[in-house]
Every structure is written in C-alpha cells, then in structure tokens.
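Data block for work_24.tsv (TSV, C-alpha atoms):
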```tsv
chain	number	residue	atom	x	y	z
A	138	MET	CA	7.20	-5.33	19.30
A	139	ALA	CA	4.48	-2.94	20.41
A	140	MET	CA	3.34	-0.79	17.50
A	141	ASN	CA	1.93	2.14	19.48
A	142	LEU	CA	1.78	5.44	17.65
A	143	GLU	CA	3.75	7.93	19.73
A	144	ASN	CA	2.26	11.36	20.48
A	145	PHE	CA	-0.75	10.63	18.29
A	146	ASP	CA	-4.03	12.38	19.08
A	147	THR	CA	-6.70	9.99	17.82
A	148	ALA	CA	-9.58	12.39	18.48
A	149	ALA	CA	-7.84	15.22	16.58
A	150	PHE	CA	-7.05	12.87	13.69
A	151	LEU	CA	-10.66	11.71	13.40
A	152	ARG	CA	-11.94	15.27	13.69
A	153	ASP	CA	-9.47	17.05	11.41
A	154	HIS	CA	-8.08	14.49	8.96
A	155	TRP	CA	-10.06	11.25	8.61
A	156	GLN	CA	-11.67	11.30	5.14
A	157	ARG	CA	-10.94	15.04	4.89
A	158	ARG	CA	-7.26	15.61	4.19
A	159	PRO	CA	-3.98	13.70	4.31
A	160	LEU	CA	-1.67	13.63	7.29
A	161	LEU	CA	2.05	12.82	7.23
A	162	ILE	CA	3.42	11.29	10.42
A	163	ARG	CA	7.21	10.98	10.40
A	164	ASN	CA	8.76	8.15	12.46
A	165	PRO	CA	5.54	7.13	14.23
A	166	TRP	CA	7.15	4.20	16.07
A	167	ALA	CA	10.04	4.29	18.55
A	168	SER	CA	11.63	1.31	16.81
A	169	TRP	CA	10.87	0.03	13.35
A	170	CYS	CA	11.82	-3.36	12.00
A	171	ASN	CA	10.61	-4.13	8.51
A	172	PRO	CA	8.56	-7.32	8.97
A	173	LEU	CA	9.14	-8.75	5.48
A	174	SER	CA	12.08	-8.71	3.06
A	175	PRO	CA	11.52	-8.07	-0.66
A	176	ASP	CA	12.53	-11.69	-1.40
A	177	GLU	CA	9.99	-12.98	1.13
A	178	LEU	CA	7.29	-10.84	-0.48
A	179	ALA	CA	8.20	-12.19	-3.92
A	180	GLY	CA	8.04	-15.72	-2.49
A	181	LEU	CA	4.55	-15.03	-1.18
A	182	ALA	CA	3.53	-13.79	-4.65
A	183	CYS	CA	4.54	-17.21	-6.03
A	184	GLU	CA	2.07	-19.01	-3.77
A	185	GLU	CA	-1.24	-20.30	-5.14
A	186	GLY	CA	-4.20	-18.44	-3.67
A	187	VAL	CA	-2.24	-15.28	-2.79
A	188	GLU	CA	-3.54	-12.27	-4.72
A	189	SER	CA	-0.67	-10.37	-6.34
A	190	ARG	CA	0.05	-8.07	-9.25
A	191	LEU	CA	3.22	-7.07	-11.04
A	192	ILE	CA	3.06	-3.61	-12.61
A	193	SER	CA	5.78	-2.82	-15.12
A	194	GLY	CA	6.61	-0.24	-17.73
A	195	ALA	CA	6.64	3.53	-17.99
A	196	SER	CA	3.90	5.60	-16.34
A	197	GLN	CA	2.03	6.16	-19.63
A	198	ALA	CA	2.31	2.51	-20.72
A	199	LEU	CA	1.89	0.40	-17.60
A	200	GLU	CA	1.24	-3.31	-17.87
A	201	ALA	CA	-0.30	-5.44	-15.14
A	202	GLU	CA	0.22	-9.18	-14.64
A	203	HIS	CA	-1.62	-11.21	-12.04
A	204	GLY	CA	0.02	-13.89	-9.90
A	205	PRO	CA	0.83	-16.42	-8.80
A	206	PHE	CA	4.26	-15.90	-10.38
A	207	SER	CA	7.09	-18.31	-10.99
A	208	ASP	CA	10.48	-17.72	-9.38
A	209	ALA	CA	11.83	-17.30	-12.90
A	210	ARG	CA	9.54	-14.31	-13.56
A	211	PHE	CA	11.34	-12.23	-10.94
A	212	GLY	CA	14.72	-13.13	-12.46
A	213	LYS	CA	13.61	-11.60	-15.77
A	214	LEU	CA	12.85	-8.16	-14.33
A	215	ASP	CA	16.46	-6.92	-14.56
A	216	LYS	CA	16.64	-3.13	-14.42
A	217	ALA	CA	13.12	-2.49	-15.71
A	218	ALA	CA	10.76	-0.24	-13.73
A	219	TRP	CA	8.35	-2.51	-11.84
A	220	THR	CA	6.25	-2.78	-8.71
A	221	LEU	CA	5.05	-5.95	-7.00
A	222	LEU	CA	1.82	-5.61	-4.99
A	223	VAL	CA	0.63	-8.41	-2.71
A	224	GLN	CA	-2.81	-8.27	-1.05
A	225	ALA	CA	-3.75	-9.55	2.40
A	226	VAL	CA	-0.18	-10.06	3.57
A	227	ASP	CA	-1.49	-9.72	7.13
A	228	HIS	CA	-3.27	-13.07	6.63
A	229	TYR	CA	0.08	-14.83	6.10
A	230	VAL	CA	2.63	-12.90	8.20
A	231	PRO	CA	1.75	-12.13	11.85
A	232	GLU	CA	4.33	-9.32	12.04
A	233	VAL	CA	2.54	-7.59	9.15
A	234	ALA	CA	-0.83	-8.11	10.86
A	235	ALA	CA	0.58	-6.18	13.82
A	236	LEU	CA	0.70	-3.08	11.60
A	237	ILE	CA	-3.09	-2.86	11.80
A	238	GLU	CA	-3.25	-2.67	15.59
A	239	PRO	CA	-2.31	1.03	15.97
A	240	PHE	CA	-5.20	1.89	13.66
A	241	ARG	CA	-7.92	0.03	15.58
A	242	PHE	CA	-9.55	3.36	16.39
A	243	VAL	CA	-10.98	3.06	12.86
A	244	PRO	CA	-14.10	0.85	12.80
A	245	ASN	CA	-13.26	-2.76	11.90
A	246	TRP	CA	-15.65	-2.74	8.94
A	247	ARG	CA	-13.45	-0.01	7.36
A	248	ILE	CA	-10.34	-2.24	7.50
A	249	ASP	CA	-9.82	-4.68	4.66
A	250	ASP	CA	-6.25	-5.91	4.64
A	251	VAL	CA	-2.59	-4.95	4.50
A	252	MET	CA	-1.23	-4.73	0.97
A	253	VAL	CA	2.55	-4.73	0.74
A	254	SER	CA	4.53	-3.55	-2.24
A	255	VAL	CA	8.14	-3.44	-3.35
A	256	ALA	CA	9.42	-1.56	-6.37
A	257	SER	CA	12.54	-1.13	-8.41
A	258	HIS	CA	14.03	2.31	-8.90
A	259	GLY	CA	11.50	4.19	-11.03
A	260	GLY	CA	8.79	1.59	-10.45
A	261	GLY	CA	5.27	2.57	-9.43
A	262	VAL	CA	1.62	2.16	-10.27
A	263	GLY	CA	1.17	5.57	-11.85
A	264	ALA	CA	-1.08	8.41	-10.80
A	265	HIS	CA	-4.25	6.71	-9.62
A	266	PHE	CA	-7.05	6.90	-7.12
A	267	ASP	CA	-8.44	4.33	-4.78
A	268	HIS	CA	-12.09	3.74	-3.89
A	269	TYR	CA	-11.18	3.14	-0.26
A	270	ASP	CA	-9.32	4.69	2.65
A	271	VAL	CA	-5.57	4.14	2.69
A	272	PHE	CA	-2.92	4.25	5.40
A	273	LEU	CA	0.54	4.16	3.82
A	274	VAL	CA	3.50	2.97	5.87
A	275	GLN	CA	6.88	3.48	4.20
A	276	GLY	CA	9.22	0.64	5.12
A	277	LEU	CA	12.50	-0.05	3.36
A	278	GLY	CA	13.88	2.30	0.74
A	279	GLN	CA	12.71	5.71	-0.37
A	280	ARG	CA	9.67	6.86	-2.27
A	281	ARG	CA	8.35	10.25	-3.29
A	282	TRP	CA	4.65	10.20	-2.48
A	283	GLN	CA	2.37	12.77	-4.05
A	284	ILE	CA	-1.27	13.61	-3.49
A	285	GLY	CA	-3.31	14.80	-6.44
A	286	GLN	CA	-6.75	16.23	-6.88
A	287	LEU	CA	-9.88	14.69	-5.43
A	288	CYS	CA	-11.53	12.18	-7.73
A	289	ASP	CA	-14.96	10.62	-7.88
A	290	GLU	CA	-17.05	8.44	-10.21
A	291	HIS	CA	-17.17	11.29	-12.76
A	292	THR	CA	-13.38	11.74	-13.02
A	293	ALA	CA	-12.03	10.86	-16.46
A	294	LEU	CA	-9.72	7.84	-16.44
A	295	LEU	CA	-7.06	6.66	-18.83
A	296	PRO	CA	-8.05	3.39	-20.50
A	297	HIS	CA	-6.60	0.51	-18.49
A	298	ASP	CA	-8.27	-2.75	-17.51
A	299	ASP	CA	-6.49	-3.19	-14.15
A	300	LEU	CA	-5.60	0.28	-12.86
A	301	SER	CA	-7.63	3.43	-12.12
A	302	LEU	CA	-5.17	5.84	-13.77
```
Written as structure tokens, how would this file's structure read?
Amino acid sequence: MAMNLENFDTAAFLRDHWQRRPLLIRNPWASWCNPLSPDELAGLACEEGVESRLISGASQALEAEHGPFSDARFGKLDKAAWTLLVQAVDHYVPEVAALIEPFRFVPNWRIDDVMVSVASHGGGVGAHFDHYDVFLVQGLGQRRWQIGQLCDEHTALLPHDDLSL
C-alpha cells in the first residue's frame, strides 16, 4: 500500500509548522489498514532484545515496567489503566516501516524509529514532554490528544525515574 500523504504541502509544513507549532492532519491516507494488532504488539514486547515499557496506574501515580514481558503479564492487566509502548517496531514489521516513508522530507538523521503503543481505556503515559520531534499517527481506537506548554531543560518535573512528567 502506498502511504502518500494526500494534499500535503511539504514546503508549507517545513516553513510554518516544523519545530514551530503542531499540525493536525485528518485522514491523511486514502486507505488505512492498521499494520499491527494489539496482540501482535504484545507478542513483540515478549521478545528478548525488543525495547518495551508497560505504564500502569493513575496519572499521578504511574508505574513503569521494562520488557521483555511474559505472556502471563498481559493476562494480569484486567481492567486496569495501562499503556504498552514498543520501540523500533519498524525494525521488525515491514508494514510499520512503511509509515516512515511519507515523512522522508525530514532529514534522515532526525528520524529514529517508529514506536507503537496500545492502551486500555483510561491508559496513558501522563502529561509529559519529549526531547525529540514526534509524528503521531492514530491507528485503532480513539484517543484525546492534548498539547501543553513548551518545555525545556529548566521546566520543573515530577519525580519519576522513567518518565518526563
């Protein structure tokens, strides 16, 4: 499947948005097929050498566990609020790697990997900031994304070993 962004003005994006302000693009592809099921992502998180994290708990008391995980760990999640994050999924799933192609107008040295996440209802990683550029692609399900204030190295953080909250 060709992942060409439809009606996307690369020059205008780089001029007006890149590292300046967010841009929401609704339905950027003519046809979308989620390249990975939640069960397949969980299976990947069970593999040795695959970097993954499981974030659970309420927004003020988040806990982070690092993979690899056992199959049994996912069976114990029940109805708790949780999010599974798996790094570098593009290295393991060619269909996920194809998600990078429409963004090749960004210099290659700015592109790290494709992280994929899945969450239960109410799951998330809390209000946080990243030290890198992020393209978010919403696949299955629904999520309410919010953008907060700008942060830098002087922004006060909540104490947490694994998350910049």
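Residues lying at most 9 Å from (7.5, -19.9, -11.4) in file coordinates, with only C-alpha atoms considered, are Cys183, Pro205, Phe206, Ser207, Asp208, Ala209, Arg210 and Phe211 of chain A.
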* Asked: atom CA of A:Pro172 and atom CA of A:Ile284 are how many Å apart?
  ->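 That distance, rounded to one decimal, is 26.3 Å.
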* A:Leu273, A:Leu222, A:Ile192, A:Ile162 ranked by distance to A:Pro175, top pick (using only C-alpha atoms) -> A:Leu222
* So, counting all atoms listed in the file, which residue among A:Pro231, A:Pro244, A:Gly259, A:Gly278 is closest to A:Lys216? ->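 So, comparing all the options, the nearest one is A:Gly259.
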* Residue neighbourhood A:Trp219, 10 Å, only C-alpha atoms, exclusion window fewer than 3 positions, as number ranges by chain -> A: 191-195, 199-201, 214-216, 222, 255-262
* Asked: Using all atoms listed in the file, which residue out of A:Thr292, A:Gln224, A:Thr147, A:Gln275 lies closest to A:Arg163?
  -> A:Gln275
* Structure fact -> For A:Ala148, the closest of A:Val243, A:Val233, A:Ala264, A:Val274 counting all atoms listed in the file is A:Val243
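Distances to A:Val253 were evaluated for A:Gly186, A:Gly180, A:Pro159, A:Gly276 using only C-alpha atoms, and the minimum falls at A:Gly276.
Between atom CA of A:Asn171 and atom CA of A:Tyr229 there is a distance of 15.2 Å.
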* To do: Could you please give me, as an MDAnalysis selection string, the residues of protein, DNA or RNA lying at most 9 Å from (-4.5, -14.5, 1.4) in the coordinate frame of the file, considering all atoms listed in the file?
  => chainID A and resid 186:188 223:229
